[in-house]
Structures are given as C-alpha cells and as structure tokens.
file target-v4.txt (compact mmCIF, C-alpha atoms)
# COMPACT_ATOMS: atom_id res chain seq x y z
CA MET A 1 18.42 -32.09 133.25
CA THR A 2 15.24 -30.89 134.79
CA GLY A 3 13.93 -34.42 135.29
CA ARG A 4 10.46 -33.81 133.90
CA SER A 5 9.28 -34.36 130.39
CA THR A 6 8.31 -31.57 128.05
CA GLU A 7 4.84 -33.09 127.77
CA ASP A 8 4.40 -32.87 131.57
CA LEU A 9 5.49 -29.25 131.49
CA VAL A 10 3.02 -28.46 128.70
CA GLN A 11 0.18 -29.99 130.72
CA GLN A 12 1.22 -27.96 133.76
CA LEU A 13 1.38 -24.75 131.74
CA VAL A 14 -2.02 -25.36 130.16
CA ARG A 15 -3.52 -26.09 133.58
CA ASN A 16 -2.10 -22.83 134.90
CA LEU A 17 -3.28 -20.65 132.03
CA ARG A 18 -5.06 -17.52 133.25
CA PRO A 19 -6.22 -14.55 131.17
CA VAL A 20 -3.70 -11.71 131.05
CA LYS A 21 -4.00 -8.18 129.78
CA PRO A 22 -1.54 -7.47 126.97
CA ILE A 23 1.14 -4.99 127.92
CA ALA A 24 0.56 -1.37 126.87
CA ARG A 25 2.25 0.01 123.78
CA LEU A 26 5.76 1.32 124.38
CA ARG A 27 4.85 4.80 123.22
CA VAL A 28 1.86 4.88 125.58
CA ALA A 29 4.11 3.82 128.47
CA ALA A 30 6.69 6.45 127.53
CA ALA A 31 4.03 9.14 127.25
CA GLY A 32 2.56 8.11 130.61
CA THR A 33 5.98 8.26 132.27
CA LEU A 34 6.61 11.70 130.79
CA ALA A 35 3.16 12.94 131.83
CA LEU A 36 3.72 11.82 135.42
CA TRP A 37 7.08 13.61 135.47
CA ILE A 38 5.49 16.82 134.17
CA ALA A 39 2.74 16.53 136.77
CA ALA A 40 5.39 16.11 139.50
CA VAL A 41 7.31 19.16 138.27
CA VAL A 42 4.14 21.29 138.13
CA ALA A 43 2.97 20.10 141.56
CA THR A 44 6.38 20.80 143.12
CA GLY A 45 6.57 24.20 141.43
CA TRP A 46 3.10 25.06 142.65
CA LEU A 47 3.94 23.98 146.22
CA THR A 48 7.43 25.50 146.51
CA GLY A 49 7.22 28.34 144.03
CA THR A 50 10.34 27.17 142.15
CA TRP A 51 9.89 27.09 138.41
CA PRO A 52 12.29 26.48 135.51
CA ARG A 53 14.38 29.53 134.66
CA PHE A 54 13.77 29.25 130.96
CA GLY A 55 12.56 32.86 130.94
CA GLU A 56 15.91 34.16 132.22
CA ALA A 57 18.32 35.23 129.51
CA VAL A 58 21.32 34.33 131.69
CA PHE A 59 20.29 30.65 131.60
CA TRP A 60 20.46 30.53 127.82
CA LEU A 61 23.79 32.38 127.73
CA ASP A 62 25.65 29.84 129.87
CA PRO A 63 27.04 27.12 127.53
CA LEU A 64 27.91 24.79 130.40
CA ALA A 65 24.37 24.97 131.81
CA LEU A 66 22.98 24.21 128.37
CA ALA A 67 25.42 21.33 127.87
CA ILE A 68 24.32 19.81 131.18
CA LEU A 69 20.67 20.33 130.25
CA LEU A 70 21.24 18.52 126.96
CA GLY A 71 23.13 15.69 128.65
CA LEU A 72 20.44 15.18 131.27
CA GLY A 73 17.74 15.20 128.60
CA VAL A 74 19.49 12.55 126.54
CA VAL A 75 20.33 10.39 129.57
CA ALA A 76 16.71 10.58 130.73
CA ALA A 77 15.19 9.84 127.32
CA GLY A 78 17.66 7.08 126.45
CA ALA A 79 17.46 5.33 129.80
CA VAL A 80 13.67 5.52 130.04
CA VAL A 81 13.26 4.17 126.50
CA ALA A 82 15.83 1.40 127.12
CA ALA A 83 14.19 0.40 130.40
CA LEU A 84 10.66 0.33 128.99
CA ALA A 85 11.74 -1.50 125.83
CA SER A 86 13.56 -4.13 127.90
CA ALA A 87 10.14 -5.25 129.15
CA VAL A 88 9.16 -6.41 125.66
CA PRO A 89 10.97 -9.38 124.04
CA GLY A 90 11.94 -8.54 120.48
CA ARG A 91 12.65 -4.85 121.15
CA GLU A 92 16.38 -5.38 121.76
CA ARG A 93 17.38 -2.85 119.11
CA LEU A 94 15.50 -0.13 120.93
CA VAL A 95 17.09 -1.22 124.22
CA ARG A 96 20.54 -1.04 122.63
CA ALA A 97 19.88 2.34 120.99
CA GLY A 98 18.51 3.85 124.21
CA GLY A 99 21.31 2.35 126.26
CA ILE A 100 24.03 3.60 123.94
CA GLY A 101 22.49 7.09 123.85
CA ALA A 102 22.22 7.19 127.63
CA GLY A 103 25.77 5.88 128.02
CA ILE A 104 27.24 8.51 125.72
CA ALA A 105 25.23 11.23 127.47
CA ALA A 106 26.44 9.97 130.87
CA VAL A 107 30.06 10.34 129.72
CA TRP A 108 29.17 13.78 128.36
CA LEU A 109 27.68 14.74 131.74
CA ILE A 110 30.75 13.55 133.62
CA GLY A 111 32.84 15.68 131.24
CA CYS A 112 30.57 18.66 131.87
CA GLY A 113 30.89 18.13 135.64
CA ILE A 114 34.67 17.96 135.41
CA CYS A 115 34.67 21.15 133.31
CA ALA A 116 32.48 22.80 135.96
CA VAL A 117 34.88 21.80 138.73
CA GLY A 118 37.91 22.80 136.65
CA GLY A 119 36.28 26.09 135.72
CA GLY A 120 36.66 27.24 139.31
CA ALA A 121 33.26 28.88 139.61
CA ALA A 122 32.59 30.15 143.12
CA GLU A 123 30.92 27.60 145.36
CA SER A 124 27.87 28.54 147.37
CA ALA A 125 28.30 30.14 150.77
CA GLY A 126 27.43 26.92 152.60
CA GLY A 127 30.66 25.15 151.60
CA LEU A 128 32.05 22.94 148.87
CA PHE A 129 29.12 20.54 148.73
CA ALA A 130 26.45 23.03 149.81
CA GLY A 131 23.10 22.33 148.22
CA CYS A 132 24.33 19.16 146.47
CA VAL A 133 22.26 16.90 148.67
CA SER A 134 19.17 19.08 148.49
CA CYS A 135 19.34 19.19 144.67
CA LEU A 136 19.94 15.44 144.54
CA LEU A 137 17.01 14.73 146.86
CA HIS A 138 14.81 17.18 144.97
CA ALA A 139 15.61 15.32 141.74
CA VAL A 140 14.86 11.96 143.37
CA VAL A 141 11.49 13.23 144.66
CA LEU A 142 10.59 14.48 141.19
CA ALA A 143 11.67 11.12 139.77
CA ILE A 144 9.42 9.00 141.98
CA PRO A 145 6.24 9.03 139.83
CA ALA A 146 8.16 8.32 136.63
CA ALA A 147 10.17 5.57 138.34
CA LEU A 148 7.00 3.95 139.66
CA ALA A 149 5.37 4.11 136.23
CA ALA A 150 8.42 2.52 134.58
CA SER A 151 8.57 -0.16 137.29
CA PHE A 152 4.91 -0.98 136.81
CA TYR A 153 5.50 -1.37 133.07
CA LEU A 154 8.50 -3.61 133.74
CA SER A 155 6.38 -5.76 136.06
CA ARG A 156 3.80 -6.27 133.30
CA GLY A 157 6.46 -7.22 130.78
CA ALA A 158 9.32 -9.70 130.71
CA PRO A 159 12.63 -7.94 131.32
CA ARG A 160 15.54 -10.37 130.93
CA HIS A 161 17.66 -8.78 133.67
CA ARG A 162 15.24 -7.34 136.19
CA LEU A 163 17.89 -5.67 138.36
CA PHE A 164 19.65 -4.08 135.41
CA ALA A 165 16.39 -2.89 133.85
CA SER A 166 15.34 -1.41 137.19
CA GLY A 167 18.67 0.41 137.52
CA VAL A 168 18.29 1.86 134.04
CA ALA A 169 14.70 2.90 134.84
CA ALA A 170 15.89 4.56 138.04
CA ALA A 171 18.64 6.38 136.16
CA GLY A 172 16.19 7.54 133.51
CA ALA A 173 13.62 8.75 136.02
CA ALA A 174 16.35 10.50 138.06
CA GLY A 175 17.59 12.04 134.82
CA LEU A 176 14.13 13.54 134.33
CA GLY A 177 14.16 14.78 137.93
CA ALA A 178 17.65 16.23 137.56
CA LEU A 179 16.61 17.92 134.32
CA ALA A 180 13.87 19.80 136.16
CA VAL A 181 16.17 20.59 139.08
CA HIS A 182 18.90 21.86 136.77
CA ALA A 183 16.40 24.13 135.05
CA THR A 184 15.30 25.64 138.36
CA CYS A 185 18.59 25.77 140.31
CA SER A 186 20.73 28.87 139.96
CA ALA A 187 23.82 27.56 141.78
CA VAL A 188 27.00 27.68 139.67
CA GLY A 189 29.54 25.98 141.96
CA GLY A 190 31.57 23.30 140.19
CA PHE A 191 31.15 20.55 142.78
CA HIS A 192 27.47 21.45 143.12
CA LEU A 193 26.92 21.00 139.38
CA LEU A 194 28.96 17.79 139.32
CA LEU A 195 27.40 16.04 142.30
CA GLY A 196 23.98 17.69 142.54
CA HIS A 197 23.12 17.76 138.83
CA CYS A 198 25.43 15.80 136.50
CA LEU A 199 25.90 12.61 138.51
CA THR A 200 22.32 12.37 139.79
CA PRO A 201 21.12 9.81 137.19
CA MET A 202 24.13 7.56 137.75
CA ILE A 203 23.92 7.77 141.54
CA ALA A 204 20.18 7.12 141.53
CA GLY A 205 20.60 4.25 139.07
CA LEU A 206 23.04 2.53 141.42
CA VAL A 207 21.18 3.29 144.66
CA PHE A 208 17.62 2.57 143.52
CA ALA A 209 18.21 -0.41 141.20
CA LEU A 210 17.62 -2.94 143.97
CA PRO A 211 14.54 -1.31 145.59
CA LEU A 212 12.91 -0.90 142.17
CA ALA A 213 13.79 -4.49 141.22
CA VAL A 214 12.09 -5.69 144.41
CA LEU A 215 9.06 -3.58 143.55
CA VAL A 216 8.96 -4.99 140.01
CA GLN A 217 9.19 -8.50 141.44
CA ARG A 218 6.34 -7.85 143.90
CA TRP A 219 4.11 -6.33 141.22
CA SER A 220 4.76 -9.13 138.73
CA PRO A 221 1.91 -11.62 138.51
CA ALA A 222 2.80 -15.15 139.66
CA ALA A 223 4.19 -17.07 136.69
CA ILE A 224 2.83 -20.46 137.59
CA GLU A 225 1.06 -22.08 140.50
CA PRO A 226 2.91 -24.91 142.22
CA MET B 1 3.36 -20.68 104.28
CA GLY B 2 5.36 -18.55 106.73
CA ASP B 3 2.80 -15.77 106.74
CA GLU B 4 -0.01 -18.25 107.22
CA ARG B 5 1.78 -19.80 110.17
CA GLU B 6 2.61 -16.38 111.57
CA ALA B 7 -1.07 -15.37 111.42
CA ARG B 8 -2.14 -18.65 113.00
CA TRP B 9 0.31 -18.33 115.87
CA ARG B 10 -0.62 -14.71 116.39
CA ASN B 11 -4.31 -15.56 116.59
CA TRP B 12 -3.64 -18.39 119.00
CA MET B 13 -1.45 -16.16 121.14
CA VAL B 14 -4.22 -13.57 121.37
CA ALA B 15 -6.58 -16.35 122.43
CA VAL B 16 -4.00 -17.54 124.98
CA GLN B 17 -3.94 -14.05 126.48
CA ALA B 18 -7.71 -14.34 126.85
CA GLY B 19 -7.16 -17.60 128.76
CA GLU B 20 -8.35 -20.10 126.10
CA THR B 21 -6.67 -23.41 126.83
CA PRO B 22 -7.44 -25.17 123.50
CA ALA B 23 -5.57 -22.42 121.65
CA TYR B 24 -2.69 -22.77 124.10
CA GLU B 25 -2.48 -26.52 123.52
CA LYS B 26 -2.46 -26.04 119.76
CA LEU B 27 0.14 -23.27 119.96
CA LEU B 28 2.49 -25.25 122.18
CA ALA B 29 2.06 -28.37 120.05
CA GLU B 30 3.29 -26.44 117.01
CA LEU B 31 5.95 -24.49 118.87
CA ILE B 32 7.76 -27.44 120.45
CA PRO B 33 9.15 -29.02 117.24
CA TYR B 34 9.87 -25.54 115.85
CA LEU B 35 11.78 -24.59 119.00
CA ARG B 36 13.69 -27.89 119.03
CA ARG B 37 15.00 -27.15 115.54
CA PHE B 38 15.71 -23.49 116.34
CA ILE B 39 17.61 -24.37 119.53
CA GLN B 40 19.53 -27.39 118.23
CA ARG B 41 20.94 -25.27 115.40
CA ARG B 42 22.34 -22.77 117.86
CA LEU B 43 23.18 -24.59 121.04
CA ILE B 44 26.74 -25.27 122.20
CA ASN B 45 25.92 -28.58 123.80
CA ALA B 46 23.14 -30.29 121.91
CA ALA B 47 22.54 -32.64 124.83
CA THR B 48 20.94 -29.83 126.82
CA ALA B 49 18.57 -28.77 124.01
CA GLU B 50 15.48 -30.23 125.66
CA ASP B 51 16.23 -28.30 128.87
CA VAL B 52 16.38 -25.10 126.87
CA VAL B 53 13.14 -25.96 125.07
CA GLN B 54 11.48 -26.32 128.48
CA ASN B 55 12.97 -23.03 129.69
CA VAL B 56 11.64 -21.31 126.59
CA LEU B 57 8.15 -22.76 127.10
CA PHE B 58 8.17 -21.57 130.69
CA SER B 59 9.39 -18.11 129.61
CA ILE B 60 6.63 -17.92 126.99
CA HIS B 61 4.08 -18.70 129.68
CA ARG B 62 5.52 -16.10 132.05
CA ALA B 63 5.92 -13.43 129.37
CA ARG B 64 2.66 -14.04 127.49
CA GLY B 65 1.34 -10.65 128.58
CA SER B 66 4.30 -8.91 126.89
CA TYR B 67 3.13 -9.88 123.40
CA ARG B 68 1.07 -7.35 121.44
CA ALA B 69 -1.15 -8.53 118.62
CA GLU B 70 -0.12 -5.77 116.21
CA ARG B 71 3.49 -7.00 116.26
CA ARG B 72 4.82 -10.15 114.58
CA PHE B 73 4.86 -13.24 116.76
CA THR B 74 8.08 -14.94 115.60
CA PRO B 75 10.50 -12.09 116.51
CA TRP B 76 8.96 -12.13 120.00
CA LEU B 77 9.38 -15.91 120.19
CA HIS B 78 12.94 -15.80 118.80
CA ALA B 79 13.95 -13.14 121.35
CA ILE B 80 12.76 -15.37 124.20
CA ALA B 81 14.46 -18.44 122.71
CA ARG B 82 17.74 -16.58 122.08
CA ASN B 83 17.80 -15.34 125.68
CA ALA B 84 17.31 -18.88 126.96
CA ILE B 85 20.09 -20.17 124.70
CA ILE B 86 22.51 -17.45 125.85
CA ASP B 87 21.65 -18.15 129.49
CA GLN B 88 22.29 -21.85 128.94
CA ALA B 89 25.60 -21.19 127.14
CA ARG B 90 26.79 -18.88 129.91
CA GLN B 91 25.82 -21.40 132.56
CA GLN B 92 27.69 -24.12 130.71
CA LEU B 93 30.83 -22.03 130.25
CA ARG B 94 30.77 -20.98 133.90
CA ARG B 95 30.53 -24.61 134.90
CA SER B 96 33.45 -25.51 132.62
CA GLN B 97 35.58 -22.70 134.04
CA ARG B 98 34.78 -23.78 137.58
CA GLU B 99 35.81 -27.33 136.75
CA VAL B 100 39.13 -26.10 135.32
CA SER B 101 39.65 -23.94 138.37
CA LEU B 102 38.97 -26.84 140.74
CA GLU B 103 41.36 -29.09 138.87
CA ALA B 104 44.03 -26.42 138.81
CA ASP B 105 43.68 -25.94 142.54
CA GLY B 106 44.16 -29.66 143.07
CA VAL B 107 40.65 -30.10 144.45
CA ALA B 108 39.55 -32.58 141.84
CA GLU B 109 40.91 -36.11 141.96
CA PRO B 110 43.60 -36.64 139.36
CA SER B 111 42.70 -39.40 136.95
CA ALA B 112 44.75 -42.49 137.72
CA ALA B 113 44.22 -44.36 134.48
CA PRO B 114 45.13 -43.02 131.06
CA VAL B 115 42.26 -40.92 129.87
CA GLU B 116 40.33 -42.07 126.88
CA PRO B 117 39.28 -39.00 124.90
CA ALA B 118 35.53 -38.63 125.41
CA ARG B 119 34.57 -35.78 123.17
CA GLU B 120 31.16 -34.34 123.65
CA ARG B 121 29.06 -33.80 120.60
CA LEU B 122 29.90 -30.21 119.71
CA SER B 123 27.61 -27.86 117.88
CA PRO B 124 28.97 -26.14 114.75
CA GLU B 125 28.96 -22.89 116.75
CA LEU B 126 31.29 -24.31 119.40
CA GLU B 127 33.48 -25.98 116.80
CA GLY B 128 33.80 -22.60 115.10
CA ALA B 129 34.68 -20.85 118.35
CA LEU B 130 37.25 -23.53 119.17
CA GLY B 131 38.72 -23.36 115.69
CA ALA B 132 39.14 -19.59 115.95
CA LEU B 133 41.43 -19.90 118.98
CA PRO B 134 45.22 -19.59 118.73
CA ASP B 135 46.91 -23.03 118.70
CA ALA B 136 48.16 -22.89 122.31
CA GLN B 137 44.77 -21.92 123.74
CA ARG B 138 42.93 -24.48 121.62
CA GLU B 139 45.29 -27.20 122.76
CA ALA B 140 44.74 -26.24 126.41
CA VAL B 141 40.94 -26.24 126.07
CA GLU B 142 40.93 -29.52 124.16
CA LEU B 143 43.22 -31.29 126.61
CA ILE B 144 41.34 -30.20 129.70
CA HIS B 145 37.75 -29.92 128.58
CA LEU B 146 37.38 -32.34 125.71
CA HIS B 147 39.90 -35.04 126.64
CA GLY B 148 39.34 -34.72 130.38
CA TYR B 149 43.01 -34.54 131.46
CA SER B 150 43.87 -32.97 134.78
CA VAL B 151 45.79 -29.70 134.59
CA ALA B 152 49.01 -31.48 135.62
CA GLU B 153 48.60 -34.13 132.94
CA ALA B 154 47.59 -31.63 130.30
CA ALA B 155 50.57 -29.41 131.18
CA GLU B 156 52.91 -32.36 130.80
CA ARG B 157 51.46 -33.26 127.42
CA ALA B 158 51.59 -29.68 126.20
CA GLY B 159 55.12 -29.18 127.53
CA ALA B 160 54.07 -26.15 129.58
CA THR B 161 53.89 -25.29 133.24
CA GLN B 162 50.57 -25.85 135.01
CA ALA B 163 50.13 -22.11 135.59
CA ALA B 164 50.71 -21.35 131.92
CA LEU B 165 48.26 -24.02 130.81
CA LYS B 166 45.64 -22.78 133.24
CA VAL B 167 46.01 -19.24 131.88
CA ARG B 168 45.79 -20.48 128.28
CA ALA B 169 42.62 -22.46 129.02
CA HIS B 170 41.05 -19.52 130.83
CA ARG B 171 41.84 -17.16 127.96
CA GLY B 172 40.53 -19.74 125.54
CA TYR B 173 37.19 -19.97 127.34
CA ARG B 174 36.90 -16.20 127.44
CA ALA B 175 37.66 -15.88 123.75
CA MET B 176 35.15 -18.63 122.91
CA ARG B 177 32.47 -16.96 124.96
CA ALA B 178 33.12 -13.62 123.25
CA HIS B 179 33.07 -15.34 119.85
CA ILE B 180 29.74 -17.04 120.55
CA GLU B 181 28.15 -13.92 122.05
CA ALA B 182 29.24 -11.89 119.02
CA LEU B 183 27.64 -14.49 116.76
CA ARG B 184 24.43 -14.33 118.77
CA LEU B 185 24.38 -10.56 118.64
CA GLU B 186 24.87 -10.66 114.88
CA GLU B 187 21.99 -13.10 114.59
CA GLY B 188 19.89 -10.93 116.88
CA GLY B 189 20.59 -7.89 114.71
CA GLU B 190 19.45 -9.57 111.50

call {"tool": "encode", "arguments": {"input": "target-v4.txt", "output": "structure tokens"}}
result
Amino acid sequence: MTGRSTEDLVQQLVRNLRPVKPIARLRVAAAGTLALWIAAVVATGWLTGTWPRFGEAVFWLDPLALAILLGLGVVAAGAVVAALASAVPGRERLVRAGGIGAGIAAVWLIGCGICAVGGGAAESAGGLFAGCVSCLLHAVVLAIPAALAASFYLSRGAPRHRLFASGVAAAGAAGLGALAVHATCSAVGGFHLLLGHCLTPMIAGLVFALPLAVLVQRWSPAAIEP
Amino acid sequence: MGDEREARWRNWMVAVQAGETPAYEKLLAELIPYLRRFIQRRLINAATAEDVVQNVLFSIHRARGSYRAERRFTPWLHAIARNAIIDQARQQLRRSQREVSLEADGVAEPSAAPVEPARERLSPELEGALGALPDAQREAVELIHLHGYSVAEAAERAGATQAALKVRAHRGYRAMRAHIEALRLEEGGE
C-alpha cells in the first residue's frame, strides 16, 4: 500500500494543478516531423550537392533498390506513427498498426539485405564495408530533426514505455534518413546495402533509444511538486 | 446519461488544462467512484484496487496535457486505467514468481506447522486464468501460492519432485499471465 489516503492525494493533485497546453494533433505532429525531414534533406542536398537519383532510369529499373526503398518508407512511416501515437492514451490501435507495419517492413528489409549479399554484387573499391559507416552516419544526421520533433511530442504526451517509444521514434526517424540516403547513394555492394541502408533503422533504434528517452524525460514538465 | 456525463467530464477536463481547480475537484470527485468500479471488475487482487486508483489519478494528473477536447474523454481515461491495471498485475505476478523462486532455492523459511489454507480473494479474471490451466500446473500454483506450502511440502503433497513442481508452477504463472494479458488486449480492442 502507498500509505496515504486517496483524499490526501486528491488534495495534493489539486494543489499542484498548473495550466497545460493540450498536445498537438497527431496529424500535425506527423506533418511537422515529415516537414523537418524534408528540410534536412534539402539543406544537405544544397550543401553537399547530393540529390535523390529519382531522375535516373537505372534507379527505377533495379527491383532490389526499389524493394529497399519501399521497406524503408514503410518502416519510417510505421515507426514514426507508432511512436507519436504512443504519446496519446487511447490511441493504442494506431500504435499497434504502426508497430506491426514497421515490424513487417523491418523483416522485409532484412530479407532485401540478405538478397543483396547473396546476389554477389561487386563491393566498392574501399573494401567489404566501404561506405557503410558514411551512409549510416549520413542517415543519422538527416534523422536528427525528425527525431527531435518526435521526442518533443513524446515529452508533451504520456508514453507508457518511454524507452521503447523513444527507440521506435529513433528507428522511424533513421528510417526517414536512410530513405533519403538510399535514394542518393549509387553503391550496389551487398554488405553496403545491408549495413548502410537496410539495417540503419534497427541499428539507430537500438543505439539512440536511451539518449532520446533521456531527452524526453528532460523535456517533460514536472508531474507534481513535492 | 452517458453522453451527458461524457460532455461534463470533457468540459471539466478542458477547464483542468486551463488550470481551474474547482473543475479539477469536481472531475476527480466523480472519477474516483467510477474508477473504483472499473478497476475492481478487472483487477487480479482486489485488495490492491485502491493503490491502482491512486496510480490512475496520478497518471491522469501527469498526462492531462495529452487529452484533446475533440476526442472522447472516457477512452482516454480507460487507456490510462488499463495501463495501471496491467502494470499492477505484472508487478504482482513478478512478486509471486520471486517468492516461488526464493522458496525453491531454500531461501525462505519452511513452514513448521501445518499450513492452514489462506486463500486470497481472487478476482473472476484470476479465477478464470487459474481454471484454464492444466491440472498439474493448477495444482502446483494452488499449493504454493494459494495454500502457502513450501516447494518441498507442495512436492510431497503432489507426489512430484521439487524440480518438477517448480517448473509446473512457473509454467502455470506464465500461462496465467498470457491468459490475463490476452483478455486485457481483447478488452482494449473493443
């Protein structure tokens, strides 16, 4: 037992009541996250001169590249939606739907990566893992604004499992970053595609779950004064 | 009646977000008996219901910014209450498993006197989960958890080795947890 009466708790809660701004609509949060990602892609393209290869016919003729693009898109959308929806009690169906979609797409991506490795495409001149790290880091950099936006939304809401929600948000944001990287990168090496493109959301989700959870915690308003 | 209450709670919640304490007092005064009924119907151990009510009130306070006026209030409230109930059930099952584990490892003192069965008041949900177990697992859970026998005593009564009884009890707890979580998910999906 907690040792205090419910009436005491009610009095304490009433004493501690402060005005709060209602959380933004989910669709507004999703649109904001997407807009920040687009801004990051445009800014990076403008600075580095690397733009998506959507204009190149060869990109559209490679079924594996398209399969990876599709997988990254679904992982990103599903994970971002699941993470944002987890901030709002009562939106569990959306969390489940987004999570299931992202999970299936993650398996799809792993399959694509294995196909890429098994396909035996020539690796880049730098070695087996050449360029993997640079693509992964590029994706993470592109993911930062979206990840921060999702974390801010989580801090305004009430996610049940903060660490898990942060990991999903990190995976979703990294999925967006990897999507942009995959569209700009012309490397075809199997290990490069597996590690530098396909696994980026999962790796980022695992690595950045804790830092984002700490950020969410720090940004969250104090629940109650002692 | 329900719609009227829904509208009233929604209006009060909007006022609460604006920091109006009279609305908060009125809202909490109506929510507490409602939550008590909601929680007691679903809780494994009814004795801890008041703790869960308090956890829910605290969660409502902490999450009050996550409510939006254009959405219904009760699904938001139910989601918070369900989460608190699941957390409580998990905590309780973990505690039970730890107690079994301690007894099995010989850490707990064996009971010297014959144990008088001291059954806790079980919720219908827990009774259902217990009833759904295979006979051997149910017997193990009942002997250890409900009747309070040590693993050695329970093994003797069940005519099994201590290791076998420990495994049966552990599997029983896992199956009960899965059963209850599935029920909660079904309720959540309605």

call {"tool": "closest_atom_pairs", "arguments": {"input": "target-v4.txt", "of": "chain A", "to": "chain B", "cutoff": "10 Å", "atoms": "only C-alpha atoms", "output": "Markdown table"}}
result
| residue | atom | partner | partner_atom | distance |
| --- | --- | --- | --- | --- |
| A:Met1 | CA | B:Asp51 | CA | 6.2 |
| A:Thr2 | CA | B:Asp51 | CA | 6.5 |
| A:Gly3 | CA | B:Asp51 | CA | 9.2 |
| A:Arg4 | CA | B:Gln54 | CA | 9.3 |
| A:Ser5 | CA | B:Gln54 | CA | 8.6 |
| A:Thr6 | CA | B:Gln54 | CA | 6.1 |
| A:Glu7 | CA | B:Ala29 | CA | 9.5 |
| A:Leu9 | CA | B:Gln54 | CA | 7.3 |
| A:Val10 | CA | B:Leu28 | CA | 7.3 |
| A:Gln11 | CA | B:Glu25 | CA | 8.4 |
| A:Gln12 | CA | B:Phe58 | CA | 9.9 |
| A:Leu13 | CA | B:His61 | CA | 6.9 |
| A:Val14 | CA | B:Thr21 | CA | 6.0 |
| A:Arg15 | CA | B:Thr21 | CA | 7.9 |
| A:Asn16 | CA | B:His61 | CA | 9.1 |
| A:Leu17 | CA | B:Gly19 | CA | 5.9 |
| A:Arg18 | CA | B:Gly19 | CA | 5.0 |
| A:Pro19 | CA | B:Gly19 | CA | 4.0 |
| A:Val20 | CA | B:Gln17 | CA | 5.1 |
| A:Lys21 | CA | B:Gly65 | CA | 6.0 |
| A:Pro22 | CA | B:Gly65 | CA | 4.6 |
| A:Ile23 | CA | B:Ser66 | CA | 5.1 |
| A:Ala24 | CA | B:Arg68 | CA | 8.1 |
| A:Arg25 | CA | B:Arg68 | CA | 7.8 |
| A:Ala87 | CA | B:Ser66 | CA | 7.3 |
| A:Val88 | CA | B:Ser66 | CA | 5.6 |
| A:Pro89 | CA | B:Trp76 | CA | 5.3 |
| A:Gly90 | CA | B:Trp76 | CA | 4.7 |
| A:Arg91 | CA | B:Trp76 | CA | 8.2 |
| A:Glu92 | CA | B:Ala79 | CA | 8.1 |
| A:Arg93 | CA | B:Gly189 | CA | 7.4 |
| A:Tyr153 | CA | B:Ser66 | CA | 9.8 |
| A:Leu154 | CA | B:Ser66 | CA | 9.6 |
| A:Ser155 | CA | B:Ser66 | CA | 9.9 |
| A:Arg156 | CA | B:Gly65 | CA | 6.9 |
| A:Gly157 | CA | B:Ser66 | CA | 4.8 |
| A:Ala158 | CA | B:Ala63 | CA | 5.2 |
| A:Pro159 | CA | B:Ala63 | CA | 8.9 |
| A:Arg160 | CA | B:Asn83 | CA | 7.6 |
| A:Ser220 | CA | B:Arg62 | CA | 9.7 |
| A:Pro221 | CA | B:Arg62 | CA | 8.7 |
| A:Ala222 | CA | B:Arg62 | CA | 8.1 |
| A:Ala223 | CA | B:Arg62 | CA | 4.9 |
| A:Ile224 | CA | B:Arg62 | CA | 7.5 |

call {"tool": "atom_distance", "arguments": {"input": "target-v4.txt", "atom1": "CA of Leu142 (chain A)", "atom2": "CA of Trp37 (chain A)"}}
result
6.8 Å

call {"tool": "residues_around", "arguments": {"input": "target-v4.txt", "residues": "region 70-77 of chain A", "least_positions_apart": "3", "cutoff": "6 Å", "atoms": "all atoms listed in the file", "output": "PyMOL selection string"}}
result
chain A and resi 67+80+102+105+109+172+175-176+179

call {"tool": "closest_residue", "arguments": {"input": "target-v4.txt", "among": "B:Leu183, B:Ile39, B:Ala154, B:Leu133", "to": "Arg171 (chain B)", "atoms": "all atoms listed in the file"}}
result
B:Leu133

call {"tool": "atom_distance", "arguments": {"input": "target-v4.txt", "atom1": "CA of Glu56 (chain A)", "atom2": "CA of Ala139 (chain A)"}}
result
21.1 Å

call {"tool": "residues_around", "arguments": {"input": "target-v4.txt", "residues": "Ala129 (chain B)", "least_positions_apart": "6", "cutoff": "12 Å", "atoms": "all atoms listed in the file", "output": "compact mmCIF listing (two decimals) with C-alpha atoms, keeping the file's coordinate frame"}}
result
# COMPACT_ATOMS: atom_id res chain seq x y z
CA ILE B 44 26.74 -25.27 122.20
CA LEU B 122 29.90 -30.21 119.71
CA SER B 123 27.61 -27.86 117.88
CA GLN B 137 44.77 -21.92 123.74
CA ARG B 138 42.93 -24.48 121.62
CA VAL B 141 40.94 -26.24 126.07
CA GLY B 172 40.53 -19.74 125.54
CA TYR B 173 37.19 -19.97 127.34
CA ARG B 174 36.90 -16.20 127.44
CA ALA B 175 37.66 -15.88 123.75
CA MET B 176 35.15 -18.63 122.91
CA ARG B 177 32.47 -16.96 124.96
CA ALA B 178 33.12 -13.62 123.25
CA HIS B 179 33.07 -15.34 119.85
CA ILE B 180 29.74 -17.04 120.55
CA GLU B 181 28.15 -13.92 122.05
CA ALA B 182 29.24 -11.89 119.02
CA LEU B 183 27.64 -14.49 116.76

call {"tool": "atom_distance", "arguments": {"input": "target-v4.txt", "atom1": "CA of Ile85 (chain B)", "atom2": "CA of Gly131 (chain B)"}}
result
20.9 Å

call {"tool": "residues_around", "arguments": {"input": "target-v4.txt", "residues": "Gln162 (chain B)", "least_positions_apart": "6", "cutoff": "10 Å", "atoms": "only C-alpha atoms", "output": "tab-separated table (two decimals) with C-alpha atoms, keeping the file's coordinate frame"}}
result
chain	number	residue	atom	x	y	z
B	104	ALA	CA	44.03	-26.42	138.81
B	150	SER	CA	43.87	-32.97	134.78
B	151	VAL	CA	45.79	-29.70	134.59
B	152	ALA	CA	49.01	-31.48	135.62
B	153	GLU	CA	48.60	-34.13	132.94
B	154	ALA	CA	47.59	-31.63	130.30
B	155	ALA	CA	50.57	-29.41	131.18
B	156	GLU	CA	52.91	-32.36	130.80
B	168	ARG	CA	45.79	-20.48	128.28

call {"tool": "residues_around", "arguments": {"input": "target-v4.txt", "residues": "Val58 (chain A)", "least_positions_apart": "6", "cutoff": "12 Å", "atoms": "only C-alpha atoms", "output": "list in words"}}
result
Leu64, Ala65, Leu66, Ala183, Ser186 and Val188 of chain A

call {"tool": "residues_around", "arguments": {"input": "target-v4.txt", "residues": "Arg53 (chain A)", "least_positions_apart": "2", "cutoff": "10 Å", "atoms": "all atoms listed in the file", "output": "list of chain:residue names"}}
result
A:Thr50, A:Trp51, A:Gly55, A:Glu56, A:Ala57, A:Val58, A:Phe59, A:Trp60, A:Ala180, A:His182, A:Ala183, A:Thr184, A:Cys185, A:Ser186

call {"tool": "residues_near_point", "arguments": {"input": "target-v4.txt", "point": "(12.7, 7.9, 127.7)", "cutoff": "12 Å", "atoms": "all atoms listed in the file", "output": "PyMOL selection string"}}
result
chain A and resi 26-35+37+72-85+94-95+97-99+101-102+146-147+149-150+168-176

call {"tool": "axis_aligned_box", "arguments": {"input": "target-v4.txt", "around": "region 57-61 of chain A", "padding_each_side": "6 Å", "output": "AutoDock Vina command-line options"}}
result
--center_x 21.1 --center_y 32.9 --center_z 129.7 --size_x 17.5 --size_y 16.7 --size_z 16.0
